[in-house]
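Visitor: Below is data-v9.txt; it holds compact mmCIF, C-alpha atoms.
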# COMPACT_ATOMS: atom_id res chain seq x y z
CA MET K 12 19.47 -39.80 55.24
CA GLU K 13 22.82 -41.18 54.23
CA ARG K 14 25.56 -41.45 56.85
CA PRO K 15 28.52 -39.07 56.38
CA THR K 16 31.30 -40.65 54.37
CA ASP K 17 34.96 -40.66 55.39
CA ASN K 18 35.54 -38.05 52.67
CA TYR K 19 32.88 -35.81 54.18
CA ARG K 20 34.45 -36.13 57.63
CA THR K 21 37.83 -35.35 56.07
CA ALA K 22 36.36 -32.28 54.33
CA VAL K 23 34.92 -30.99 57.62
CA LYS K 24 38.25 -31.55 59.39
CA LEU K 25 40.20 -29.75 56.63
CA ALA K 26 37.67 -26.88 56.63
CA GLN K 27 38.06 -26.52 60.40
CA GLN K 28 41.85 -26.43 59.99
CA MET K 29 41.56 -23.83 57.22
CA ALA K 30 39.31 -21.65 59.40
CA ALA K 31 41.62 -21.88 62.41
CA HIS K 32 44.93 -21.48 60.55
CA PRO K 33 44.49 -20.40 56.93
CA SER K 34 47.30 -21.88 54.88
CA GLY K 35 47.65 -23.65 51.58
CA TRP K 36 44.74 -24.38 49.34
CA LEU K 37 41.66 -26.46 50.05
CA VAL K 38 39.65 -27.65 47.06
CA VAL K 39 36.29 -29.22 47.87
CA GLN K 40 34.91 -31.06 44.89
CA GLY K 41 31.49 -32.70 44.67
CA GLY K 42 28.12 -32.88 43.02
CA LEU K 43 25.21 -30.50 43.36
CA GLY K 44 23.89 -30.31 46.91
CA SER K 45 26.85 -32.15 48.45
CA GLY K 46 27.56 -29.44 51.03
CA LYS K 47 30.55 -27.69 49.42
CA THR K 48 29.19 -24.17 49.82
CA GLN K 49 28.09 -24.83 53.41
CA LEU K 50 31.64 -25.88 54.30
CA LEU K 51 32.98 -22.71 52.68
CA GLN K 52 30.37 -20.63 54.51
CA ALA K 53 31.41 -22.20 57.82
CA VAL K 54 35.06 -21.33 57.15
CA LEU K 55 34.25 -17.73 56.20
CA SER K 56 31.87 -17.28 59.14
CA THR K 57 34.46 -18.61 61.59
CA MET K 58 37.06 -16.20 60.21
CA ALA K 59 34.69 -13.22 60.22
CA GLY K 60 33.00 -14.04 63.51
CA LYS K 61 29.59 -13.63 61.86
CA VAL K 62 27.52 -15.40 59.24
CA VAL K 63 29.03 -14.75 55.83
CA ARG K 64 27.48 -15.83 52.54
CA PRO K 65 30.10 -17.06 50.08
CA GLN K 66 30.26 -15.28 46.77
CA THR K 67 30.27 -17.52 43.71
CA THR K 68 33.07 -17.15 41.21
CA ALA K 69 30.51 -15.86 38.71
CA GLU K 70 29.42 -13.15 41.20
CA LEU K 71 33.03 -12.23 41.93
CA LEU K 72 33.80 -11.83 38.21
CA PHE K 73 30.56 -9.88 37.64
CA ARG K 74 31.35 -7.43 40.43
CA LEU K 75 34.95 -7.03 39.34
CA ARG K 76 33.95 -6.48 35.72
CA SER K 77 31.42 -3.83 36.76
CA HIS K 78 34.39 -1.76 38.01
CA ILE K 79 36.60 -2.29 34.96
CA THR K 80 36.40 1.37 33.91
CA ASP K 81 36.87 2.71 37.45
CA ASP K 82 40.16 4.29 38.44
CA ASP K 83 40.51 1.82 41.30
CA TYR K 84 39.94 -1.35 39.21
CA GLU K 85 43.58 -2.39 39.37
CA MET K 86 43.63 -1.82 43.13
CA ARG K 87 40.48 -3.93 43.56
CA PHE K 88 41.92 -6.77 41.48
CA GLN K 89 45.28 -6.61 43.24
CA GLY K 90 43.42 -6.76 46.56
CA MET K 91 41.92 -10.10 45.49
CA CYS K 92 45.33 -11.32 44.37
CA ASP K 93 47.11 -10.34 47.59
CA GLY K 94 44.28 -10.84 50.10
CA SER K 95 44.98 -12.88 53.20
CA PHE K 96 42.30 -15.40 52.13
CA LEU K 97 40.41 -15.99 48.89
CA ALA K 98 37.23 -18.02 48.58
CA LEU K 99 36.06 -19.13 45.13
CA ASP K 100 32.69 -20.87 45.31
CA ASP K 101 31.49 -22.93 42.35
CA LEU K 102 34.61 -22.44 40.23
CA GLY K 103 33.88 -23.69 36.74
CA VAL K 104 30.14 -22.99 36.84
CA GLU K 105 30.49 -19.45 35.48
CA ARG K 106 29.97 -18.91 31.77
CA PRO K 107 33.47 -18.82 30.34
CA THR K 108 34.42 -15.65 28.50
CA ASP K 109 37.87 -14.71 27.31
CA TRP K 110 38.01 -11.94 29.91
CA GLY K 111 36.80 -14.23 32.71
CA VAL K 112 39.21 -17.04 31.85
CA GLU K 113 42.11 -14.59 31.62
CA THR K 114 41.17 -12.87 34.88
CA LEU K 115 40.78 -16.17 36.76
CA GLY K 116 44.07 -17.34 35.28
CA LEU K 117 45.87 -14.24 36.55
CA LEU K 118 44.22 -14.41 39.98
CA ILE K 119 44.79 -18.12 40.53
CA ASN K 120 48.34 -18.10 39.17
CA TRP K 121 49.26 -15.12 41.40
CA ARG K 122 47.94 -16.79 44.54
CA TYR K 123 49.40 -20.17 43.60
CA ALA K 124 52.88 -18.76 42.97
CA ARG K 125 52.80 -16.97 46.35
CA ARG K 126 51.16 -19.91 48.18
CA LEU K 127 48.42 -17.63 49.55
CA PRO K 128 45.54 -19.27 51.48
CA THR K 129 42.71 -20.10 49.11
CA MET K 130 39.57 -22.25 49.33
CA ILE K 131 37.78 -23.40 46.20
CA THR K 132 34.58 -25.34 45.74
CA THR K 133 33.72 -26.94 42.42
CA ASN K 134 31.62 -29.63 40.88
CA CYS K 135 34.16 -29.98 38.06
CA ASP K 136 36.77 -32.68 37.77
CA TYR K 137 40.12 -31.95 36.12
CA LYS K 138 38.88 -32.51 32.57
CA ALA K 139 35.75 -30.37 33.04
CA MET K 140 37.84 -27.63 34.69
CA CYS K 141 40.19 -27.61 31.67
CA GLU K 142 37.20 -27.23 29.35
CA ARG K 143 35.56 -24.49 31.43
CA VAL K 144 38.45 -22.25 32.54
CA GLY K 145 41.52 -23.62 30.80
CA ASP K 146 44.39 -26.00 31.40
CA ARG K 147 46.47 -23.47 33.33
CA VAL K 148 43.82 -22.90 36.01
CA ALA K 149 42.96 -26.61 36.23
CA ASP K 150 46.66 -27.48 36.58
CA ARG K 151 46.96 -25.28 39.66
CA VAL K 152 43.59 -26.14 41.21
CA PHE K 153 44.20 -29.89 40.97
CA GLU K 154 47.94 -29.83 41.73
CA THR K 155 48.99 -32.32 44.38
CA LYS K 156 52.77 -32.60 43.92
CA GLN K 157 53.90 -29.33 45.56
CA ASN K 158 52.27 -29.92 48.95
CA LEU K 159 50.12 -26.81 48.59
CA VAL K 160 46.71 -28.03 47.44
CA ARG K 161 44.56 -30.43 49.44
CA ILE K 162 41.65 -31.89 47.47
CA VAL K 163 38.70 -33.69 48.97
CA THR K 164 35.81 -35.08 46.94
CA LEU K 165 32.37 -35.28 48.50
CA ASP K 166 30.67 -38.37 47.12
CA VAL K 167 27.35 -38.03 48.90
CA GLN K 168 23.74 -37.71 47.87
CA SER K 169 22.36 -34.22 47.49
CA PHE K 170 21.23 -32.69 50.76
CA ARG K 171 18.48 -30.94 48.78
CA THR K 172 17.07 -33.74 46.60
CA GLY K 173 18.41 -36.93 48.16
CA GLU K 174 19.70 -38.00 44.75
CA ARG K 175 23.26 -38.97 43.87
CA PRO K 176 24.94 -36.84 41.22
In C-alpha cells, write the structure found in this file.

Guide:
Amino acid sequence: MERPTDNYRTAVKLAQQMAAHPSGWLVVQGGLGSGKTQLLQAVLSTMAGKVVRPQTTAELLFRLRSHITDDDYEMRFQGMCDGSFLALDDLGVERPTDWGVETLGLLINWRYARRLPTMITTNCDYKAMCERVGDRVADRVFETKQNLVRIVTLDVQSFRTGERP
C-alpha cells in the first residue's frame, strides 16, 4: 500500500478542523477511491456523534425533486440553503439537467454569499465542473481569493483497486 501523501495528511487535518469548528468551505478533490467520501463521513459522524453515511449530490437532488409538488418544498430547499452545515458528496457526478444545474446554482450561491460551512467532495477539476454543473457553480467551488474555500487534492492510488486515476 502506498504511503499517505502530504496532501492526504493535509486533507485529514482540514477535515478534523471542519468537524471540530465548522467554518468556511472544504473541497476535497481526487480520483475514484481516493478516500474523499470517507473523510466526509468522518466529519459528519463526528458532528452527529454517530456513524452517518454521506448523501451524494445526485441523491440529494433526487430526494429534493421528489418533493417538488409538496407544500413544504420551498421550506425543505431553504433548510438546505440555511443549514448550519451542508455536505455535497460527489459533486459533478450527477447527470446534469436544467433543473439540477439551476437548483445547485441557487444552493451553492446562497451558501457562498453567506459564507455558510460547506464540505464538498468531487472528482472534477475546474474545467470538468464547468462542463457538468456550469461556470457559476465551478467559480464558487474552486474560488481561492476570498479566503473562504480551502481545496485539497488527493493524488493517491485507489483504496479499492490500487490503481492510480

Visitor: Report, as JSON, the centre and edge lengths in Å (one decimal) of the axis-aligned box enclosing every listed atom of segment 124-129 of chain K, padded by 5 Å on each side.

Guide:
{"center_x": 47.8, "center_y": -18.5, "center_z": 47.2, "size_x": 20.2, "size_y": 13.1, "size_z": 18.5}

Visitor: Taking 5 positions as the minimum chain separation for residues in the same chain, which residues sit within 12 Å of Phe88 of chain K when counting all atoms listed in the file? Answer as a list in words.

Guide: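 With the cut-off at 12 Å, the set is Leu71, Leu72, Arg74, Leu75, Arg76, Ser77, His78, Ile79, Asp81, Asp82, Asp83, Asp93, Gly94, Leu97, Thr114, Leu115, Leu117, Leu118, Ile119 and Trp121 of chain K.
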
Visitor: Would you output that residue set with C-alpha atoms, as a PDB file, in the frame of the given file?

Guide:
ATOM      1  CA  LEU K  71      33.030 -12.230  41.930  1.00  0.00           C
ATOM      2  CA  LEU K  72      33.800 -11.830  38.210  1.00  0.00           C
ATOM      3  CA  ARG K  74      31.350  -7.430  40.430  1.00  0.00           C
ATOM      4  CA  LEU K  75      34.950  -7.030  39.340  1.00  0.00           C
ATOM      5  CA  ARG K  76      33.950  -6.480  35.720  1.00  0.00           C
ATOM      6  CA  SER K  77      31.420  -3.830  36.760  1.00  0.00           C
ATOM      7  CA  HIS K  78      34.390  -1.760  38.010  1.00  0.00           C
ATOM      8  CA  ILE K  79      36.600  -2.290  34.960  1.00  0.00           C
ATOM      9  CA  ASP K  81      36.870   2.710  37.450  1.00  0.00           C
ATOM     10  CA  ASP K  82      40.160   4.290  38.440  1.00  0.00           C
ATOM     11  CA  ASP K  83      40.510   1.820  41.300  1.00  0.00           C
ATOM     12  CA  ASP K  93      47.110 -10.340  47.590  1.00  0.00           C
ATOM     13  CA  GLY K  94      44.280 -10.840  50.100  1.00  0.00           C
ATOM     14  CA  LEU K  97      40.410 -15.990  48.890  1.00  0.00           C
ATOM     15  CA  THR K 114      41.170 -12.870  34.880  1.00  0.00           C
ATOM     16  CA  LEU K 115      40.780 -16.170  36.760  1.00  0.00           C
ATOM     17  CA  LEU K 117      45.870 -14.240  36.550  1.00  0.00           C
ATOM     18  CA  LEU K 118      44.220 -14.410  39.980  1.00  0.00           C
ATOM     19  CA  ILE K 119      44.790 -18.120  40.530  1.00  0.00           C
ATOM     20  CA  TRP K 121      49.260 -15.120  41.400  1.00  0.00           C
TER      21      TRP K 121
END

Visitor: Would you kindly return, as a PyMOL selection string, each protein, DNA or RNA residue with an atom no farther than 6 Å from any atom of segment 28-44 of chain K, considering only C-alpha atoms and excluding same-chain residues fewer than 4 positions away?

Guide: chain K and resi 54+58+128-134+159-165+169-171+176

Visitor: One number please: atom CA of Arg122 of chain K to atom CA of Cys92 of chain K, in Å, one decimal.

Guide: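 It comes out at 6.1 Å.
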
Visitor: Scan for residues within 9 Å of the point (45.3, -23.7, 38.4) in the coordinates of the file, using all atoms listed in the file, and reply as a ChimeraX atom specification.

Guide: /K:115-116,119-120,123,145-154
